[in-house]
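Just protein-v5.cif here, mmCIF, N, CA and C atoms:
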data_target
loop_
_atom_site.label_atom_id
_atom_site.label_comp_id
_atom_site.auth_asym_id
_atom_site.auth_seq_id
_atom_site.Cartn_x
_atom_site.Cartn_y
_atom_site.Cartn_z
N MET W 49 -13.56 -13.79 -18.86
CA MET W 49 -13.44 -14.96 -18.02
C MET W 49 -12.62 -14.58 -16.79
N LYS W 50 -13.07 -15.00 -15.64
CA LYS W 50 -12.36 -14.74 -14.39
C LYS W 50 -11.87 -16.07 -13.83
N LEU W 51 -10.60 -16.11 -13.48
CA LEU W 51 -10.00 -17.31 -12.93
C LEU W 51 -9.59 -17.02 -11.50
N VAL W 52 -10.01 -17.84 -10.57
CA VAL W 52 -9.68 -17.66 -9.16
C VAL W 52 -8.87 -18.86 -8.69
N VAL W 53 -7.76 -18.57 -8.03
CA VAL W 53 -6.90 -19.62 -7.51
C VAL W 53 -6.65 -19.35 -6.03
N GLN W 54 -6.85 -20.35 -5.21
CA GLN W 54 -6.54 -20.22 -3.80
C GLN W 54 -5.11 -20.67 -3.58
N VAL W 55 -4.38 -19.89 -2.78
CA VAL W 55 -2.99 -20.19 -2.49
C VAL W 55 -2.80 -20.16 -0.99
N LYS W 56 -2.11 -21.13 -0.47
CA LYS W 56 -1.80 -21.16 0.95
C LYS W 56 -0.30 -20.95 1.11
N LEU W 57 0.06 -19.87 1.81
CA LEU W 57 1.48 -19.61 2.05
C LEU W 57 1.96 -20.45 3.22
N LEU W 58 3.12 -21.03 3.06
CA LEU W 58 3.74 -21.80 4.13
C LEU W 58 5.17 -21.29 4.33
N PRO W 59 5.29 -20.07 4.85
CA PRO W 59 6.63 -19.49 4.99
C PRO W 59 7.39 -20.10 6.16
N THR W 60 8.70 -20.03 6.05
CA THR W 60 9.54 -20.39 7.18
C THR W 60 9.36 -19.30 8.24
N PRO W 61 9.79 -19.53 9.46
CA PRO W 61 9.67 -18.48 10.48
C PRO W 61 10.35 -17.16 10.06
N GLN W 62 11.50 -17.27 9.41
CA GLN W 62 12.21 -16.07 8.95
C GLN W 62 11.41 -15.36 7.85
N GLN W 63 10.85 -16.12 6.92
CA GLN W 63 10.03 -15.52 5.87
C GLN W 63 8.75 -14.90 6.44
N ALA W 64 8.17 -15.55 7.43
CA ALA W 64 6.96 -15.02 8.06
C ALA W 64 7.25 -13.68 8.72
N ALA W 65 8.39 -13.57 9.38
CA ALA W 65 8.77 -12.31 10.01
C ALA W 65 8.98 -11.22 8.96
N ALA W 66 9.60 -11.58 7.84
CA ALA W 66 9.82 -10.61 6.76
C ALA W 66 8.49 -10.17 6.14
N LEU W 67 7.56 -11.10 5.96
CA LEU W 67 6.25 -10.77 5.42
C LEU W 67 5.49 -9.85 6.37
N THR W 68 5.54 -10.14 7.64
CA THR W 68 4.88 -9.30 8.64
C THR W 68 5.45 -7.89 8.63
N ASP W 69 6.77 -7.79 8.60
CA ASP W 69 7.42 -6.48 8.55
C ASP W 69 7.03 -5.72 7.28
N THR W 70 7.01 -6.42 6.16
CA THR W 70 6.63 -5.78 4.89
C THR W 70 5.20 -5.27 4.94
N LEU W 71 4.28 -6.06 5.46
CA LEU W 71 2.89 -5.64 5.54
C LEU W 71 2.73 -4.42 6.45
N HIS W 72 3.46 -4.37 7.55
CA HIS W 72 3.40 -3.21 8.44
C HIS W 72 3.92 -1.96 7.74
N ARG W 73 5.01 -2.11 6.99
CA ARG W 73 5.58 -0.97 6.26
C ARG W 73 4.63 -0.48 5.16
N VAL W 74 4.03 -1.40 4.44
CA VAL W 74 3.08 -1.02 3.38
C VAL W 74 1.87 -0.32 3.99
N ASN W 75 1.38 -0.81 5.10
CA ASN W 75 0.23 -0.20 5.77
C ASN W 75 0.57 1.21 6.25
N THR W 76 1.77 1.39 6.80
CA THR W 76 2.21 2.71 7.24
C THR W 76 2.29 3.67 6.05
N ALA W 77 2.84 3.21 4.95
CA ALA W 77 2.94 4.04 3.75
C ALA W 77 1.56 4.40 3.22
N ALA W 78 0.64 3.45 3.21
CA ALA W 78 -0.71 3.72 2.73
C ALA W 78 -1.41 4.75 3.61
N ASN W 79 -1.20 4.65 4.92
CA ASN W 79 -1.79 5.64 5.83
C ASN W 79 -1.21 7.03 5.58
N GLN W 80 0.09 7.08 5.32
CA GLN W 80 0.75 8.36 5.03
C GLN W 80 0.18 8.97 3.75
N VAL W 81 0.05 8.19 2.70
CA VAL W 81 -0.49 8.68 1.43
C VAL W 81 -1.94 9.11 1.61
N SER W 82 -2.70 8.36 2.37
CA SER W 82 -4.09 8.71 2.61
C SER W 82 -4.21 10.05 3.33
N ALA W 83 -3.36 10.28 4.32
CA ALA W 83 -3.39 11.54 5.05
C ALA W 83 -3.04 12.71 4.13
N VAL W 84 -2.03 12.55 3.28
CA VAL W 84 -1.64 13.60 2.33
C VAL W 84 -2.79 13.85 1.36
N ALA W 85 -3.39 12.79 0.86
CA ALA W 85 -4.48 12.92 -0.11
C ALA W 85 -5.64 13.71 0.49
N PHE W 86 -6.03 13.36 1.70
CA PHE W 86 -7.17 14.03 2.31
C PHE W 86 -6.83 15.48 2.63
N ARG W 87 -5.62 15.72 3.11
CA ARG W 87 -5.20 17.08 3.44
C ARG W 87 -5.15 17.97 2.19
N GLN W 88 -4.63 17.44 1.10
CA GLN W 88 -4.44 18.23 -0.11
C GLN W 88 -5.70 18.33 -0.99
N PHE W 89 -6.46 17.24 -1.06
CA PHE W 89 -7.54 17.17 -2.04
C PHE W 89 -8.91 16.89 -1.44
N GLY W 90 -8.98 16.65 -0.15
CA GLY W 90 -10.27 16.25 0.42
C GLY W 90 -10.68 14.91 -0.15
N LEU W 91 -11.91 14.82 -0.55
CA LEU W 91 -12.42 13.55 -1.09
C LEU W 91 -12.33 13.51 -2.62
N ARG W 92 -11.66 14.48 -3.24
CA ARG W 92 -11.62 14.56 -4.69
C ARG W 92 -10.21 14.37 -5.24
N GLY W 93 -9.41 13.58 -4.59
CA GLY W 93 -8.03 13.38 -5.03
C GLY W 93 -7.94 12.57 -6.30
N ARG W 94 -6.88 12.81 -7.03
CA ARG W 94 -6.59 12.05 -8.24
C ARG W 94 -5.21 11.43 -8.10
N GLU W 95 -5.01 10.34 -8.79
CA GLU W 95 -3.80 9.54 -8.61
C GLU W 95 -2.52 10.27 -9.02
N THR W 96 -2.50 10.91 -10.18
CA THR W 96 -1.26 11.49 -10.69
C THR W 96 -0.71 12.60 -9.78
N PRO W 97 -1.52 13.60 -9.38
CA PRO W 97 -0.97 14.62 -8.49
C PRO W 97 -0.56 14.04 -7.13
N LEU W 98 -1.30 13.06 -6.67
CA LEU W 98 -0.97 12.43 -5.39
C LEU W 98 0.35 11.68 -5.50
N ARG W 99 0.55 11.00 -6.61
CA ARG W 99 1.81 10.28 -6.84
C ARG W 99 2.97 11.27 -6.83
N THR W 100 2.78 12.43 -7.48
CA THR W 100 3.81 13.46 -7.52
C THR W 100 4.16 13.94 -6.10
N LEU W 101 3.15 14.09 -5.26
CA LEU W 101 3.38 14.57 -3.89
C LEU W 101 4.06 13.52 -3.01
N CYS W 102 3.72 12.27 -3.19
CA CYS W 102 4.12 11.24 -2.22
C CYS W 102 5.27 10.33 -2.64
N TYR W 103 5.51 10.17 -3.92
CA TYR W 103 6.42 9.15 -4.39
C TYR W 103 7.82 9.30 -3.81
N GLY W 104 8.35 10.51 -3.81
CA GLY W 104 9.71 10.74 -3.31
C GLY W 104 9.86 10.37 -1.84
N ASP W 105 8.84 10.67 -1.03
CA ASP W 105 8.91 10.36 0.40
C ASP W 105 8.86 8.86 0.67
N LEU W 106 8.10 8.17 -0.14
CA LEU W 106 7.97 6.74 0.09
C LEU W 106 9.21 6.01 -0.33
#

Output the file's structure in the form of structure tokens.
Amino acid sequence: MKLVVQVKLLPTPQQAAALTDTLHRVNTAANQVSAVAFRQFGLRGRETPLRTLCYGDL
């Protein structure tokens, strides 16, 4: 069974700024991990070795 719930966020201006900053940081980190993955493994990367390579830097 799949349950879907729609949620509407109504952050304060301060919370909205924090959410925006967090999303930018997560996106930057994801781009960094993606670059390492492609450089090290090409298109055949696996999660565990990638985690070992990237976790400390993040």

Quiz item: Using only C-alpha atoms, which of W:Val81, W:Leu67, W:Leu106, W:Val52 sits nearest Gly93 (chain W)?
Solution: W:Val81

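Separating atom N of Phe89 (chain W) from CA of Cys102 (chain W) is a distance of 12.2 Å.
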
Practice problem: May I ask for the distance between atom N of Thr60 (chain W) and atom C of Ala77 (chain W), given in Å to one decimal place? | Solution: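 So the two atoms, atom N of Thr60 (chain W) and atom C of Ala77 (chain W), lie 25.6 Å apart.
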
Practice problem: May I ask for the distance between atom N of Leu58 (chain W) and atom C of Asn75 (chain W), given in Å to one decimal place? | Solution: 22.6 Å

Practice problem: Please identify which residues in chain W DSSP calls alpha helix (DSSP H) from the backbone, and express them as a VMD selection string. | Solution: chain W and resid 61 to 89 95 to 102

Where atoms are absent from region 59-83 of chain W, fill them in so it carries N, CA, C and O atoms, then output it as a PDB file, in the frame of the given file.
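Result file is part06.pdb:
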ATOM      1  N   PRO W  59       5.290 -20.070   4.850  1.00  0.00           N
ATOM      2  CA  PRO W  59       6.630 -19.490   4.990  1.00  0.00           C
ATOM      3  C   PRO W  59       7.390 -20.100   6.160  1.00  0.00           C
ATOM      4  O   PRO W  59       6.803 -20.604   7.121  1.00  0.00           O
ATOM      5  N   THR W  60       8.700 -20.030   6.050  1.00  0.00           N
ATOM      6  CA  THR W  60       9.540 -20.390   7.180  1.00  0.00           C
ATOM      7  C   THR W  60       9.360 -19.300   8.240  1.00  0.00           C
ATOM      8  O   THR W  60       8.840 -18.219   7.935  1.00  0.00           O
ATOM      9  N   PRO W  61       9.790 -19.530   9.460  1.00  0.00           N
ATOM     10  CA  PRO W  61       9.670 -18.480  10.480  1.00  0.00           C
ATOM     11  C   PRO W  61      10.350 -17.160  10.060  1.00  0.00           C
ATOM     12  O   PRO W  61       9.828 -16.078  10.296  1.00  0.00           O
ATOM     13  N   GLN W  62      11.500 -17.270   9.410  1.00  0.00           N
ATOM     14  CA  GLN W  62      12.210 -16.070   8.950  1.00  0.00           C
ATOM     15  C   GLN W  62      11.410 -15.360   7.850  1.00  0.00           C
ATOM     16  O   GLN W  62      11.286 -14.133   7.855  1.00  0.00           O
ATOM     17  N   GLN W  63      10.850 -16.120   6.920  1.00  0.00           N
ATOM     18  CA  GLN W  63      10.030 -15.520   5.870  1.00  0.00           C
ATOM     19  C   GLN W  63       8.750 -14.900   6.440  1.00  0.00           C
ATOM     20  O   GLN W  63       8.317 -13.836   6.001  1.00  0.00           O
ATOM     21  N   ALA W  64       8.170 -15.550   7.430  1.00  0.00           N
ATOM     22  CA  ALA W  64       6.960 -15.020   8.060  1.00  0.00           C
ATOM     23  C   ALA W  64       7.250 -13.680   8.720  1.00  0.00           C
ATOM     24  O   ALA W  64       6.453 -12.740   8.627  1.00  0.00           O
ATOM     25  N   ALA W  65       8.390 -13.570   9.380  1.00  0.00           N
ATOM     26  CA  ALA W  65       8.770 -12.310  10.010  1.00  0.00           C
ATOM     27  C   ALA W  65       8.980 -11.220   8.960  1.00  0.00           C
ATOM     28  O   ALA W  65       8.550 -10.076   9.141  1.00  0.00           O
ATOM     29  N   ALA W  66       9.600 -11.580   7.840  1.00  0.00           N
ATOM     30  CA  ALA W  66       9.820 -10.610   6.760  1.00  0.00           C
ATOM     31  C   ALA W  66       8.490 -10.170   6.140  1.00  0.00           C
ATOM     32  O   ALA W  66       8.302  -8.987   5.849  1.00  0.00           O
ATOM     33  N   LEU W  67       7.560 -11.100   5.960  1.00  0.00           N
ATOM     34  CA  LEU W  67       6.250 -10.770   5.420  1.00  0.00           C
ATOM     35  C   LEU W  67       5.490  -9.850   6.370  1.00  0.00           C
ATOM     36  O   LEU W  67       4.861  -8.872   5.943  1.00  0.00           O
ATOM     37  N   THR W  68       5.540 -10.140   7.640  1.00  0.00           N
ATOM     38  CA  THR W  68       4.880  -9.300   8.640  1.00  0.00           C
ATOM     39  C   THR W  68       5.450  -7.890   8.630  1.00  0.00           C
ATOM     40  O   THR W  68       4.713  -6.906   8.622  1.00  0.00           O
ATOM     41  N   ASP W  69       6.770  -7.790   8.600  1.00  0.00           N
ATOM     42  CA  ASP W  69       7.420  -6.480   8.550  1.00  0.00           C
ATOM     43  C   ASP W  69       7.030  -5.720   7.280  1.00  0.00           C
ATOM     44  O   ASP W  69       6.716  -4.528   7.339  1.00  0.00           O
ATOM     45  N   THR W  70       7.010  -6.420   6.160  1.00  0.00           N
ATOM     46  CA  THR W  70       6.630  -5.780   4.890  1.00  0.00           C
ATOM     47  C   THR W  70       5.200  -5.270   4.940  1.00  0.00           C
ATOM     48  O   THR W  70       4.924  -4.141   4.519  1.00  0.00           O
ATOM     49  N   LEU W  71       4.280  -6.060   5.460  1.00  0.00           N
ATOM     50  CA  LEU W  71       2.890  -5.640   5.540  1.00  0.00           C
ATOM     51  C   LEU W  71       2.730  -4.420   6.450  1.00  0.00           C
ATOM     52  O   LEU W  71       1.950  -3.509   6.145  1.00  0.00           O
ATOM     53  N   HIS W  72       3.460  -4.370   7.550  1.00  0.00           N
ATOM     54  CA  HIS W  72       3.400  -3.210   8.440  1.00  0.00           C
ATOM     55  C   HIS W  72       3.920  -1.960   7.740  1.00  0.00           C
ATOM     56  O   HIS W  72       3.345  -0.877   7.860  1.00  0.00           O
ATOM     57  N   ARG W  73       5.010  -2.110   6.990  1.00  0.00           N
ATOM     58  CA  ARG W  73       5.580  -0.970   6.260  1.00  0.00           C
ATOM     59  C   ARG W  73       4.630  -0.480   5.160  1.00  0.00           C
ATOM     60  O   ARG W  73       4.470   0.730   4.972  1.00  0.00           O
ATOM     61  N   VAL W  74       4.030  -1.400   4.440  1.00  0.00           N
ATOM     62  CA  VAL W  74       3.080  -1.020   3.380  1.00  0.00           C
ATOM     63  C   VAL W  74       1.870  -0.320   3.990  1.00  0.00           C
ATOM     64  O   VAL W  74       1.390   0.697   3.460  1.00  0.00           O
ATOM     65  N   ASN W  75       1.380  -0.810   5.100  1.00  0.00           N
ATOM     66  CA  ASN W  75       0.230  -0.200   5.770  1.00  0.00           C
ATOM     67  C   ASN W  75       0.570   1.210   6.250  1.00  0.00           C
ATOM     68  O   ASN W  75      -0.222   2.137   6.100  1.00  0.00           O
ATOM     69  N   THR W  76       1.770   1.390   6.800  1.00  0.00           N
ATOM     70  CA  THR W  76       2.210   2.710   7.240  1.00  0.00           C
ATOM     71  C   THR W  76       2.290   3.670   6.050  1.00  0.00           C
ATOM     72  O   THR W  76       1.849   4.824   6.137  1.00  0.00           O
ATOM     73  N   ALA W  77       2.840   3.210   4.950  1.00  0.00           N
ATOM     74  CA  ALA W  77       2.940   4.040   3.750  1.00  0.00           C
ATOM     75  C   ALA W  77       1.560   4.400   3.220  1.00  0.00           C
ATOM     76  O   ALA W  77       1.321   5.549   2.833  1.00  0.00           O
ATOM     77  N   ALA W  78       0.640   3.450   3.210  1.00  0.00           N
ATOM     78  CA  ALA W  78      -0.710   3.720   2.730  1.00  0.00           C
ATOM     79  C   ALA W  78      -1.410   4.750   3.610  1.00  0.00           C
ATOM     80  O   ALA W  78      -2.118   5.635   3.111  1.00  0.00           O
ATOM     81  N   ASN W  79      -1.200   4.650   4.920  1.00  0.00           N
ATOM     82  CA  ASN W  79      -1.790   5.640   5.830  1.00  0.00           C
ATOM     83  C   ASN W  79      -1.210   7.030   5.580  1.00  0.00           C
ATOM     84  O   ASN W  79      -1.923   8.036   5.626  1.00  0.00           O
ATOM     85  N   GLN W  80       0.090   7.080   5.320  1.00  0.00           N
ATOM     86  CA  GLN W  80       0.750   8.360   5.030  1.00  0.00           C
ATOM     87  C   GLN W  80       0.180   8.970   3.750  1.00  0.00           C
ATOM     88  O   GLN W  80      -0.154  10.168   3.714  1.00  0.00           O
ATOM     89  N   VAL W  81       0.050   8.190   2.700  1.00  0.00           N
ATOM     90  CA  VAL W  81      -0.490   8.680   1.430  1.00  0.00           C
ATOM     91  C   VAL W  81      -1.940   9.110   1.610  1.00  0.00           C
ATOM     92  O   VAL W  81      -2.363  10.153   1.090  1.00  0.00           O
ATOM     93  N   SER W  82      -2.700   8.360   2.370  1.00  0.00           N
ATOM     94  CA  SER W  82      -4.090   8.710   2.610  1.00  0.00           C
ATOM     95  C   SER W  82      -4.210  10.050   3.330  1.00  0.00           C
ATOM     96  O   SER W  82      -5.059  10.879   2.985  1.00  0.00           O
ATOM     97  N   ALA W  83      -3.360  10.280   4.320  1.00  0.00           N
ATOM     98  CA  ALA W  83      -3.390  11.540   5.050  1.00  0.00           C
ATOM     99  C   ALA W  83      -3.040  12.710   4.130  1.00  0.00           C
ATOM    100  O   ALA W  83      -3.696  13.762   4.165  1.00  0.00           O
TER     101      ALA W  83
END
